[in-house]
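Peer 1: Mind looking over this structure? Questions follow.
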Amino acid sequence: MPTDIQLWLLANHQKKVYELRESQNMKGLLPVSLKPDYDTESLLPALDASRVIKDPDEIDLIRRAIKVSSLAHRTVMHHITSMRSEAEVHALYLDICIAYGADWQAYPPIVASGANASILHYTDNNESLKGKTLLCLDAGCEWGCYSSDITRTFPLVANGWPSKEVAEIYAIVEEMQERSIAMLGPGVRYMDAFYLADRIAMKGLLRLGILRRGSVDEILSAGVSKAFFPHGLGHHMGLDVHDVSAKPILSSCRGEEQSMLDHSEKSLLRPTNEFMAPCRSDAALLEPGMVITVEPGIYFSQYALERVYLPNPEIASFIDEEVLKRYLHIGGVRIEDDILITKHGYENLTLTPKGKEMLDIIRDGAECHHGIEYRFRLDAKR
Ligand code: GLY
Ligand code: MN
Ligand code: MN
């Protein structure tokens, strides 16, 4: 390697050696006679910037990853009413990915039933589904090192949403996602889509009576939305599931989080005035060739509500605890799609069913299996 660099320096009459970081310094390996000038500052940002706009071959690999993940999600939906545990779901999802050539996942799958869905990066995936009504499956495989990142939240019962409350929350998240996706396109500030989703969430919770007073503006400036929608709207996706960029697409005073990764206790305990709009104006605008996720959610985390939000008198003054109790069992609902920004708008690359189509697959699957448990059907095949 030093020899290649020496040759390149000599052939190009160069002195500059760009290195990713100080720890990779080549000092001592290259002859002093070349008088190299080491730069450890410029290469990483240049690489990050070069990964933001995906070329057609990269988009093709992302499409392939999404295709396999979507098939795996669809297969889980078909079998879900006869499955017994998060582990079984995890295994079936991986089974399909591997069978179709995707040996690697872009991140550890999140198979969260019931209250576990309120833990954003739940990966234990080891609880029984008994007595639970909802499952949140956030899982995406890789294809040729490129990611997919898909979340569906669906019932564990055959005949649609298990309660009026679940249907109501799903409808709000659906609206958050549909309307924020609809506004995407070149020149759009992604953060504005995030704020729109935030407003729809708060309006919806007001309508249901979970929030009992105030205008949407008052609710947002008090920082209440973070209690129910504690993460950003999404992130770049590519070689990394949370792909790099020179400049973040989310950069707001609501919190520094770019994605649902930041759910540490420290983040939950941040003072609420940090979450207020208006945001900083320096967030990057969307451009054709960017691939981003749109992943709104509404969560009922007993832990976060009891420890952080309800003890805060200002936030608690907006919440009707009696009404809230009826929704706590939901855990969380998130819907996540992968979106390509195009010259004139966007293309939703995600092929995974959601909404009514998803409910139909679950019902049809239940009819096929005649109540025989997934595991017993597997045993019968042996
Ligand atoms: N699966 C991680 C995320 O949605 O950001
Ligand atoms: Mn994501
Ligand atoms: Mn995800």
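Please note that chains go A, B, ... in the order of the structure tokens, that every chain numbers its residues from 1, and that ligands are numbered from 1 in the order shown.
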So that each row is one residue of chain A with an atom at most 8 Å from ligand 3, can you give its shortest atom pair and the distance in Å to one decimal, using only C-alpha atoms and all ligand atoms, rows by chain and rising number, as CSV?
Peer 2:
```
residue,atom,partner,partner_atom_place_in_ligand_line,distance
A:Asp138,CA,ligand 3,1 (Mn),4.9
A:Ala139,CA,ligand 3,1 (Mn),6.2
A:Gly140,CA,ligand 3,1 (Mn),7.3
A:Asp149,CA,ligand 3,1 (Mn),4.7
A:Ile150,CA,ligand 3,1 (Mn),5.3
A:Thr151,CA,ligand 3,1 (Mn),5.6
A:Glu295,CA,ligand 3,1 (Mn),7.4
A:Glu336,CA,ligand 3,1 (Mn),6.4
```
Peer 1: Residues of the last selection are to be written out with all heavy atoms, as a PDB file, in the first residue's frame.
Peer 2:
```pdb
ATOM      1  N   ASP A 138     -40.033  -4.465  12.508  1.00  0.00           N
ATOM      2  CA  ASP A 138     -39.147  -3.510  11.826  1.00  0.00           C
ATOM      3  C   ASP A 138     -37.946  -4.314  11.369  1.00  0.00           C
ATOM      4  O   ASP A 138     -37.098  -4.701  12.182  1.00  0.00           O
ATOM      5  CB  ASP A 138     -38.755  -2.400  12.808  1.00  0.00           C
ATOM      6  CG  ASP A 138     -37.850  -1.337  12.179  1.00  0.00           C
ATOM      7  OD1 ASP A 138     -37.298  -1.580  11.089  1.00  0.00           O
ATOM      8  OD2 ASP A 138     -37.690  -0.269  12.800  1.00  0.00           O
ATOM      9  N   ALA A 139     -37.902  -4.627  10.069  1.00  0.00           N
ATOM     10  CA  ALA A 139     -36.857  -5.534   9.593  1.00  0.00           C
ATOM     11  C   ALA A 139     -36.573  -5.277   8.120  1.00  0.00           C
ATOM     12  O   ALA A 139     -37.491  -5.094   7.327  1.00  0.00           O
ATOM     13  CB  ALA A 139     -37.323  -6.984   9.786  1.00  0.00           C
ATOM     14  N   GLY A 140     -35.287  -5.283   7.782  1.00  0.00           N
ATOM     15  CA  GLY A 140     -34.896  -5.073   6.391  1.00  0.00           C
ATOM     16  C   GLY A 140     -33.562  -5.755   6.115  1.00  0.00           C
ATOM     17  O   GLY A 140     -32.616  -5.622   6.897  1.00  0.00           O
ATOM     18  N   ASP A 149     -35.216  -0.963   4.927  1.00  0.00           N
ATOM     19  CA  ASP A 149     -35.601  -0.651   6.309  1.00  0.00           C
ATOM     20  C   ASP A 149     -37.118  -0.459   6.326  1.00  0.00           C
ATOM     21  O   ASP A 149     -37.620   0.584   5.904  1.00  0.00           O
ATOM     22  CB  ASP A 149     -34.867   0.636   6.745  1.00  0.00           C
ATOM     23  CG  ASP A 149     -35.097   0.968   8.212  1.00  0.00           C
ATOM     24  OD1 ASP A 149     -35.755   0.177   8.904  1.00  0.00           O
ATOM     25  OD2 ASP A 149     -34.609   2.028   8.645  1.00  0.00           O
ATOM     26  N   ILE A 150     -37.826  -1.491   6.769  1.00  0.00           N
ATOM     27  CA  ILE A 150     -39.290  -1.503   6.622  1.00  0.00           C
ATOM     28  C   ILE A 150     -39.945  -1.848   7.960  1.00  0.00           C
ATOM     29  O   ILE A 150     -39.529  -2.793   8.634  1.00  0.00           O
ATOM     30  CB  ILE A 150     -39.709  -2.562   5.569  1.00  0.00           C
ATOM     31  CG1 ILE A 150     -39.077  -2.211   4.205  1.00  0.00           C
ATOM     32  CG2 ILE A 150     -41.233  -2.642   5.449  1.00  0.00           C
ATOM     33  CD1 ILE A 150     -39.191  -3.312   3.165  1.00  0.00           C
ATOM     34  N   THR A 151     -40.971  -1.092   8.316  1.00  0.00           N
ATOM     35  CA  THR A 151     -41.731  -1.418   9.530  1.00  0.00           C
ATOM     36  C   THR A 151     -43.204  -1.552   9.199  1.00  0.00           C
ATOM     37  O   THR A 151     -43.769  -0.704   8.507  1.00  0.00           O
ATOM     38  CB  THR A 151     -41.580  -0.312  10.601  1.00  0.00           C
ATOM     39  OG1 THR A 151     -40.203  -0.063  10.831  1.00  0.00           O
ATOM     40  CG2 THR A 151     -42.232  -0.748  11.916  1.00  0.00           C
ATOM     41  N   GLU A 295     -40.858   7.204   8.652  1.00  0.00           N
ATOM     42  CA  GLU A 295     -41.242   6.220   9.668  1.00  0.00           C
ATOM     43  C   GLU A 295     -41.886   6.851  10.908  1.00  0.00           C
ATOM     44  O   GLU A 295     -41.348   6.759  12.012  1.00  0.00           O
ATOM     45  CB  GLU A 295     -40.020   5.402  10.077  1.00  0.00           C
ATOM     46  CG  GLU A 295     -38.796   6.207  10.461  1.00  0.00           C
ATOM     47  CD  GLU A 295     -37.618   5.302  10.807  1.00  0.00           C
ATOM     48  OE1 GLU A 295     -37.766   4.493  11.724  1.00  0.00           O
ATOM     49  OE2 GLU A 295     -36.575   5.415  10.144  1.00  0.00           O
ATOM     50  N   GLU A 336     -43.116   2.240   8.356  1.00  0.00           N
ATOM     51  CA  GLU A 336     -41.876   2.771   7.761  1.00  0.00           C
ATOM     52  C   GLU A 336     -41.716   2.313   6.315  1.00  0.00           C
ATOM     53  O   GLU A 336     -41.755   1.125   6.020  1.00  0.00           O
ATOM     54  CB  GLU A 336     -40.667   2.288   8.577  1.00  0.00           C
ATOM     55  CG  GLU A 336     -39.344   2.710   7.973  1.00  0.00           C
ATOM     56  CD  GLU A 336     -38.153   2.383   8.865  1.00  0.00           C
ATOM     57  OE1 GLU A 336     -38.249   1.420   9.668  1.00  0.00           O
ATOM     58  OE2 GLU A 336     -37.137   3.084   8.770  1.00  0.00           O
TER      59      GLU A 336
END
```
Peer 1: For ligand 1, return the neighbouring residues as a PyMOL selection string (distance at most 12 Å; only C-alpha atoms and all ligand atoms).
Peer 2: chain A and resi 105-111+119-123+136-141+147-152+231-237+240-243+257-263+292-297+334-338
Peer 1: Show me, as a VMD selection string, the residues that have an atom within 12 Å of A:Glu306 when counting only C-alpha atoms, minus same-chain residues fewer than 6 positions from it.
Peer 2: chain A and resid 227 268 300 312 315 to 316 321 324 to 325 328
Peer 1: Would you save the residues of that selection, restricted to all heavy atoms, as a short mmCIF file (atom, residue, chain, number, x, y, z; two decimals), in the first residue's frame?
Peer 2:
```
data_model
loop_
_atom_site.label_atom_id
_atom_site.label_comp_id
_atom_site.auth_asym_id
_atom_site.auth_seq_id
_atom_site.Cartn_x
_atom_site.Cartn_y
_atom_site.Cartn_z
N ALA A 227 -43.53 12.91 23.99
CA ALA A 227 -44.04 11.83 24.85
C ALA A 227 -44.64 10.70 24.02
O ALA A 227 -44.68 9.55 24.44
CB ALA A 227 -45.08 12.38 25.82
N LEU A 268 -34.76 11.01 26.60
CA LEU A 268 -36.10 11.17 27.16
C LEU A 268 -36.14 12.31 28.16
O LEU A 268 -37.13 12.99 28.32
CB LEU A 268 -36.52 9.89 27.91
CG LEU A 268 -36.86 8.69 27.06
CD1 LEU A 268 -37.12 7.49 27.94
CD2 LEU A 268 -38.11 8.98 26.25
N PHE A 300 -46.98 4.36 23.34
CA PHE A 300 -47.48 4.53 24.69
C PHE A 300 -46.51 3.78 25.60
O PHE A 300 -46.74 2.62 25.96
CB PHE A 300 -48.91 3.99 24.81
CG PHE A 300 -49.86 4.74 23.91
CD1 PHE A 300 -50.12 4.31 22.63
CD2 PHE A 300 -50.44 5.93 24.36
CE1 PHE A 300 -50.96 5.02 21.78
CE2 PHE A 300 -51.28 6.65 23.53
CZ PHE A 300 -51.54 6.20 22.24
N ASN A 312 -43.90 15.72 34.86
CA ASN A 312 -43.66 17.10 34.44
C ASN A 312 -45.01 17.82 34.39
O ASN A 312 -45.84 17.53 33.54
CB ASN A 312 -43.00 17.09 33.04
CG ASN A 312 -42.81 18.47 32.47
OD1 ASN A 312 -43.63 19.36 32.65
ND2 ASN A 312 -41.71 18.64 31.76
N ILE A 315 -46.33 19.28 31.00
CA ILE A 315 -46.74 18.28 30.01
C ILE A 315 -47.99 17.54 30.49
O ILE A 315 -48.95 17.35 29.75
CB ILE A 315 -45.58 17.32 29.71
CG1 ILE A 315 -44.48 18.10 28.98
CG2 ILE A 315 -46.05 16.11 28.89
CD1 ILE A 315 -43.38 17.30 28.40
N ALA A 316 -47.99 17.16 31.77
CA ALA A 316 -49.12 16.39 32.32
C ALA A 316 -50.42 17.18 32.20
O ALA A 316 -51.49 16.59 32.02
CB ALA A 316 -48.84 16.03 33.77
N GLU A 321 -55.27 11.49 31.77
CA GLU A 321 -54.75 10.16 32.16
C GLU A 321 -55.81 9.08 32.10
O GLU A 321 -55.49 7.92 31.85
CB GLU A 321 -54.12 10.24 33.55
CG GLU A 321 -52.80 10.98 33.52
CD GLU A 321 -52.02 10.87 34.81
OE1 GLU A 321 -51.84 9.74 35.29
OE2 GLU A 321 -51.63 11.92 35.33
N LEU A 324 -55.98 8.15 28.50
CA LEU A 324 -54.70 7.52 28.14
C LEU A 324 -54.68 6.03 28.53
O LEU A 324 -54.19 5.19 27.77
CB LEU A 324 -53.57 8.27 28.85
CG LEU A 324 -52.16 7.72 28.69
CD1 LEU A 324 -51.70 7.83 27.24
CD2 LEU A 324 -51.18 8.46 29.60
N LYS A 325 -55.27 5.72 29.72
CA LYS A 325 -55.25 4.33 30.20
C LYS A 325 -55.80 3.35 29.17
O LYS A 325 -55.35 2.21 29.06
CB LYS A 325 -56.10 4.23 31.48
CG LYS A 325 -55.31 4.53 32.73
CD LYS A 325 -56.16 4.24 33.96
CE LYS A 325 -55.61 5.04 35.14
NZ LYS A 325 -56.66 5.49 36.05
N LEU A 328 -52.94 2.44 26.62
CA LEU A 328 -51.61 1.98 27.04
C LEU A 328 -51.25 0.60 26.49
O LEU A 328 -50.10 0.30 26.19
CB LEU A 328 -51.51 1.97 28.56
CG LEU A 328 -51.30 3.33 29.24
CD1 LEU A 328 -51.29 3.17 30.76
CD2 LEU A 328 -50.03 4.01 28.75
#
```
Peer 1: Which one of A:Pro248, A:Pro288, A:Gly214, A:Gly331 sits closest to A:Ser317 if you count only C-alpha atoms?
Peer 2: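 Closest residue, counting only C-alpha atoms: A:Gly214.
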Peer 1: Among stretch 46-200 of chain A, which residues carry a DSSP assignment of helix (DSSP H, G or I), reported as a PyMOL selection string?
Peer 2: chain A and resi 46-50+56-82+86-99+114-118+164-182+190-200
Peer 1: Using only C-alpha atoms, determine which residues lie at most 7 Å from A:Ala283, disregarding the query and same-chain residues fewer than 5 positions distant; provide the list as a PyMOL selection string.
Peer 2: chain A and resi 247-251
Peer 1: Go ahead and write the selection's residues with all heavy atoms as a PDB file, in the first residue's frame.
Peer 2:
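Generated output (selection-v4.pdb):
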```pdb
ATOM      1  N   LYS A 247     -24.469  16.733   5.403  1.00  0.00           N
ATOM      2  CA  LYS A 247     -25.321  17.612   6.201  1.00  0.00           C
ATOM      3  C   LYS A 247     -26.570  16.843   6.591  1.00  0.00           C
ATOM      4  O   LYS A 247     -27.167  16.190   5.728  1.00  0.00           O
ATOM      5  CB  LYS A 247     -25.744  18.766   5.287  1.00  0.00           C
ATOM      6  CG  LYS A 247     -25.609  20.147   5.871  1.00  0.00           C
ATOM      7  CD  LYS A 247     -25.976  21.123   4.764  1.00  0.00           C
ATOM      8  CE  LYS A 247     -26.139  22.512   5.300  1.00  0.00           C
ATOM      9  NZ  LYS A 247     -26.772  23.376   4.315  1.00  0.00           N
ATOM     10  N   PRO A 248     -27.011  16.900   7.837  1.00  0.00           N
ATOM     11  CA  PRO A 248     -28.202  16.113   8.196  1.00  0.00           C
ATOM     12  C   PRO A 248     -29.460  16.642   7.512  1.00  0.00           C
ATOM     13  O   PRO A 248     -29.559  17.838   7.231  1.00  0.00           O
ATOM     14  CB  PRO A 248     -28.308  16.293   9.713  1.00  0.00           C
ATOM     15  CG  PRO A 248     -27.452  17.448  10.052  1.00  0.00           C
ATOM     16  CD  PRO A 248     -26.458  17.632   8.954  1.00  0.00           C
ATOM     17  N   ILE A 249     -30.424  15.729   7.233  1.00  0.00           N
ATOM     18  CA  ILE A 249     -31.705  16.194   6.688  1.00  0.00           C
ATOM     19  C   ILE A 249     -32.636  16.621   7.807  1.00  0.00           C
ATOM     20  O   ILE A 249     -33.600  17.312   7.587  1.00  0.00           O
ATOM     21  CB  ILE A 249     -32.411  15.147   5.784  1.00  0.00           C
ATOM     22  CG1 ILE A 249     -32.380  13.747   6.405  1.00  0.00           C
ATOM     23  CG2 ILE A 249     -31.829  15.155   4.390  1.00  0.00           C
ATOM     24  CD1 ILE A 249     -33.270  12.749   5.686  1.00  0.00           C
ATOM     25  N   LEU A 250     -32.357  16.135   9.027  1.00  0.00           N
ATOM     26  CA  LEU A 250     -33.125  16.604  10.178  1.00  0.00           C
ATOM     27  C   LEU A 250     -32.177  17.365  11.068  1.00  0.00           C
ATOM     28  O   LEU A 250     -31.175  16.829  11.518  1.00  0.00           O
ATOM     29  CB  LEU A 250     -33.702  15.437  10.978  1.00  0.00           C
ATOM     30  CG  LEU A 250     -34.929  14.741  10.438  1.00  0.00           C
ATOM     31  CD1 LEU A 250     -35.378  13.674  11.410  1.00  0.00           C
ATOM     32  CD2 LEU A 250     -36.060  15.723  10.207  1.00  0.00           C
ATOM     33  N   SER A 251     -32.483  18.595  11.320  1.00  0.00           N
ATOM     34  CA  SER A 251     -31.608  19.390  12.171  1.00  0.00           C
ATOM     35  C   SER A 251     -32.514  20.386  12.849  1.00  0.00           C
ATOM     36  O   SER A 251     -32.860  21.399  12.274  1.00  0.00           O
ATOM     37  CB  SER A 251     -30.593  20.087  11.291  1.00  0.00           C
ATOM     38  OG  SER A 251     -29.968  21.100  11.999  1.00  0.00           O
TER      39      SER A 251
END
```
Peer 1: Residues at most 10 Å from A:Glu88, counting only C-alpha atoms, excluding those fewer than 2 positions away in the same chain, as a PyMOL selection string?
Peer 2: chain A and resi 76+80+83-86+90-94+111+125-129+374-375
Peer 1: A:Pro45: which residues within 12 Å, counting only C-alpha atoms, same-chain residues fewer than 5 positions away excluded, as a ChimeraX atom specification?
Peer 2: /A:18-21,40,50-52,244-247
